[in-house]
Amino acid sequence: LFFMLFPGRCILCKAATNRSLDLCAHCQRDLPYSSGTCWQCGLEQSTNSDTCSSCIVDPPIYSHCFSLFQYEQPISGLINQFKSHRRLVVGRVLSILLARSYIQSHSMQPDLWLAMPLHISSLRNRGFNQAEEIAAVLAGLSQTPLLKSEVQRVKKTLPQKSLNLSDRKLNMADAFQTQINLEGLNIGIVDDVVTTGATVTALTESLIDAGAADVQIVCLARTPTN
């Protein structure tokens, strides 16, 4: 009865959804979901192996990267609406889809979730941390605690998109500070988009230095390297 009185509107086609999610079933089916990805780095690959050749030769420091979507339209546009224009309803829809898919496909889940921290200056400029919005949904649906102020971004870095891979690594050096003992714990880092992986690598290093036994990445989308 509630959805008949207040049907909601699809964030894409604007049609009445008649469901608890502000996304109609047709538009949900047509989203560009990731497939055939490497378990460790999260990039799509042409082989049927769980691990891509790059990760076999030079694996990232984190053990697993799960992304629900390919970074293409309409997902790239929706993430931009959420991140840059603070359309929280869009972020919540995408976060619910991500959380449901992750929980359904992963029997072993982290002990703690951690949203990718923003530097305080970036937080002031943007007004909110989009990764925290995603992580809150994951934490709620998975019933797993969420780290908050215990891990901070202490270095104001340059925008990563303006840098090449080697400069991105230098840019992120010593960017994070972990102020909690994570001895033996498995941590799940949550972000909206992972590109080269330099930022999540730097954060993973900080968590491992604090004792974390394992770190995995969960994001809405993982961009291709080319």
# chains A, B, ... in the order shown; residues from 1 in each chain; ligands from 1
>>> closest_atom_pairs(of="range 56-175 of chain A", to="range 7-26 of chain A", cutoff="8 Å", atoms="only C-alpha atoms", output="tab-separated table")
residue	atom	partner	partner_atom	distance
A:Val89	CA	A:Asp22	CA	7.8
A:Val90	CA	A:Ile11	CA	6.6
A:Val93	CA	A:Asp22	CA	6.5
>>> write_last_selection(atoms="N, CA and C atoms", output="short mmCIF file (atom, residue, chain, number, x, y, z; two decimals), in the first residue's frame")
data_model
loop_
_atom_site.label_atom_id
_atom_site.label_comp_id
_atom_site.auth_asym_id
_atom_site.auth_seq_id
_atom_site.Cartn_x
_atom_site.Cartn_y
_atom_site.Cartn_z
N VAL A 89 20.15 10.76 -3.03
CA VAL A 89 19.26 9.67 -3.40
C VAL A 89 19.92 8.77 -4.43
N VAL A 90 20.69 9.34 -5.34
CA VAL A 90 21.43 8.55 -6.33
C VAL A 90 22.48 7.70 -5.63
N VAL A 93 20.86 4.70 -3.83
CA VAL A 93 20.46 3.63 -4.74
C VAL A 93 21.67 2.79 -5.14
#
>>> closest_atom_pairs(of="range 130-160 of chain A", to="range 184-192 of chain A", cutoff="9 Å", atoms="only C-alpha atoms", output="Markdown table")
| residue | atom | partner | partner_atom | distance |
| --- | --- | --- | --- | --- |
| A:Gln130 | CA | A:Asp192 | CA | 7.1 |
| A:Ala131 | CA | A:Asp191 | CA | 4.8 |
| A:Glu132 | CA | A:Val190 | CA | 7.9 |
| A:Ile134 | CA | A:Val190 | CA | 7.1 |
| A:Ala135 | CA | A:Val190 | CA | 5.8 |
| A:Leu138 | CA | A:Val190 | CA | 8.7 |
>>> residues_around(residues="Phe66 in chain A", least_positions_apart="3", cutoff="12 Å", atoms="only C-alpha atoms", output="PyMOL selection string")
chain A and resi 33-44+62-63+69-70+98-99+101-103+105-106+109+188-194+215-222
>>> write_last_selection(atoms="C-alpha atoms", output="compact mmCIF listing (two decimals), in the first residue's frame")
# COMPACT_ATOMS: atom_id res chain seq x y z
CA TYR A 33 27.71 -4.51 -14.46
CA SER A 34 31.30 -5.68 -14.16
CA SER A 35 32.05 -9.19 -15.36
CA GLY A 36 35.12 -11.36 -15.83
CA THR A 37 37.19 -9.32 -13.39
CA CYS A 38 40.42 -10.29 -11.66
CA TRP A 39 39.72 -11.21 -8.04
CA GLN A 40 42.69 -9.26 -6.75
CA CYS A 41 42.88 -5.98 -8.72
CA GLY A 42 39.26 -5.82 -9.90
CA LEU A 43 40.12 -5.09 -13.52
CA GLU A 44 38.31 -6.88 -16.33
CA TYR A 62 45.40 -5.50 -0.99
CA SER A 63 43.98 -9.01 -1.39
CA PHE A 69 29.88 -1.58 -12.23
CA GLN A 70 31.96 -0.69 -15.25
CA LEU A 98 26.56 -2.56 -4.22
CA ALA A 99 25.89 -3.79 -0.69
CA SER A 101 25.61 -7.76 -4.48
CA TYR A 102 28.67 -7.85 -2.23
CA ILE A 103 26.88 -9.57 0.67
CA SER A 105 28.62 -13.03 -3.34
CA HIS A 106 31.00 -12.97 -0.34
CA GLN A 109 33.41 -10.40 4.95
CA GLY A 188 37.24 -3.43 3.94
CA ILE A 189 38.01 -0.06 2.32
CA VAL A 190 34.99 1.54 0.66
CA ASP A 191 35.24 4.10 -2.16
CA ASP A 192 33.15 5.32 -5.06
CA VAL A 193 35.66 4.80 -7.91
CA VAL A 194 39.08 3.14 -8.03
CA VAL A 215 42.64 -5.45 3.36
CA GLN A 216 40.12 -5.59 0.55
CA ILE A 217 38.55 -2.88 -1.57
CA VAL A 218 34.84 -2.47 -2.33
CA CYS A 219 33.79 0.25 -4.78
CA LEU A 220 30.99 1.23 -7.10
CA ALA A 221 33.22 1.17 -10.17
CA ARG A 222 36.78 0.34 -11.23
>>> closest_residue(among="A:Glu150, A:Asp50, A:Asp209, A:Glu133", to="Leu112 in chain A", atoms="only C-alpha atoms")
A:Glu150
>>> residues_around(residues="Val154 in chain A", least_positions_apart="5", cutoff="7 Å", atoms="only C-alpha atoms", output="number ranges by chain")
A: 119, 175-177
>>> write_last_selection(atoms="N, CA, C and O atoms", output="compact mmCIF listing (two decimals), in the first residue's frame")
# COMPACT_ATOMS: atom_id res chain seq x y z
N HIS A 119 40.73 14.57 3.06
CA HIS A 119 41.43 15.59 3.83
C HIS A 119 40.40 16.63 4.29
O HIS A 119 39.41 16.88 3.61
N ALA A 175 50.12 9.86 3.11
CA ALA A 175 48.88 10.66 3.11
C ALA A 175 47.93 10.28 4.23
O ALA A 175 47.09 11.08 4.63
N PHE A 176 48.07 9.04 4.76
CA PHE A 176 47.11 8.55 5.74
C PHE A 176 47.79 8.23 7.08
O PHE A 176 48.96 7.86 7.12
N GLN A 177 47.01 8.37 8.14
CA GLN A 177 47.49 8.06 9.48
C GLN A 177 46.42 7.22 10.19
O GLN A 177 45.27 7.63 10.29
>>> atom_distance(atom1="CA of Ala173 in chain A", atom2="CA of Val200 in chain A")
11.4 Å
>>> select_by_dssp(residues="range 9-62 of chain A", states="alpha helix (DSSP H)", output="PyMOL selection string")
chain A and resi 25-29+53-57
>>> write_last_selection(atoms="N, CA, C and O atoms", output="PDB file, in the first residue's frame")
ATOM      1  N   ALA A  25      12.920  -1.636 -12.304  1.00  0.00           N
ATOM      2  CA  ALA A  25      13.527  -2.940 -12.587  1.00  0.00           C
ATOM      3  C   ALA A  25      14.178  -2.966 -13.964  1.00  0.00           C
ATOM      4  O   ALA A  25      15.243  -3.569 -14.151  1.00  0.00           O
ATOM      5  N   HIS A  26      13.559  -2.295 -14.945  1.00  0.00           N
ATOM      6  CA  HIS A  26      14.104  -2.282 -16.307  1.00  0.00           C
ATOM      7  C   HIS A  26      15.460  -1.574 -16.331  1.00  0.00           C
ATOM      8  O   HIS A  26      16.433  -2.092 -16.896  1.00  0.00           O
ATOM      9  N   CYS A  27      15.548  -0.386 -15.737  1.00  0.00           N
ATOM     10  CA  CYS A  27      16.813   0.349 -15.719  1.00  0.00           C
ATOM     11  C   CYS A  27      17.871  -0.387 -14.903  1.00  0.00           C
ATOM     12  O   CYS A  27      19.064  -0.372 -15.253  1.00  0.00           O
ATOM     13  N   GLN A  28      17.453  -1.056 -13.842  1.00  0.00           N
ATOM     14  CA  GLN A  28      18.403  -1.821 -13.035  1.00  0.00           C
ATOM     15  C   GLN A  28      19.029  -2.944 -13.858  1.00  0.00           C
ATOM     16  O   GLN A  28      20.234  -3.180 -13.773  1.00  0.00           O
ATOM     17  N   ARG A  29      18.236  -3.638 -14.650  1.00  0.00           N
ATOM     18  CA  ARG A  29      18.759  -4.731 -15.487  1.00  0.00           C
ATOM     19  C   ARG A  29      19.741  -4.223 -16.529  1.00  0.00           C
ATOM     20  O   ARG A  29      20.684  -4.936 -16.901  1.00  0.00           O
ATOM     21  N   SER A  53      47.168 -11.889 -15.211  1.00  0.00           N
ATOM     22  CA  SER A  53      48.613 -12.110 -15.331  1.00  0.00           C
ATOM     23  C   SER A  53      49.408 -11.032 -14.611  1.00  0.00           C
ATOM     24  O   SER A  53      50.462 -11.310 -14.025  1.00  0.00           O
ATOM     25  N   SER A  54      48.908  -9.794 -14.606  1.00  0.00           N
ATOM     26  CA  SER A  54      49.618  -8.703 -13.928  1.00  0.00           C
ATOM     27  C   SER A  54      49.698  -8.948 -12.426  1.00  0.00           C
ATOM     28  O   SER A  54      50.726  -8.698 -11.790  1.00  0.00           O
ATOM     29  N   CYS A  55      48.610  -9.439 -11.840  1.00  0.00           N
ATOM     30  CA  CYS A  55      48.600  -9.688 -10.398  1.00  0.00           C
ATOM     31  C   CYS A  55      49.426 -10.914 -10.024  1.00  0.00           C
ATOM     32  O   CYS A  55      49.932 -11.009  -8.904  1.00  0.00           O
ATOM     33  N   ILE A  56      49.552 -11.867 -10.945  1.00  0.00           N
ATOM     34  CA  ILE A  56      50.417 -13.019 -10.694  1.00  0.00           C
ATOM     35  C   ILE A  56      51.870 -12.568 -10.619  1.00  0.00           C
ATOM     36  O   ILE A  56      52.635 -13.000  -9.746  1.00  0.00           O
ATOM     37  N   VAL A  57      52.254 -11.653 -11.496  1.00  0.00           N
ATOM     38  CA  VAL A  57      53.637 -11.167 -11.541  1.00  0.00           C
ATOM     39  C   VAL A  57      53.906 -10.125 -10.459  1.00  0.00           C
ATOM     40  O   VAL A  57      54.922 -10.170  -9.760  1.00  0.00           O
TER      41      VAL A  57
END
>>> select_by_dssp(residues="range 4-203 of chain A", states="strand (DSSP E or B)", output="PyMOL selection string")
chain A and resi 9+16+33+37+44+64-70+112-115+146-147+151-153+176-178+186-194
>>> closest_residue(among="A:Leu165, A:Asp58, A:Thr51, A:Leu94", to="Leu31 in chain A", atoms="only C-alpha atoms")
A:Leu94
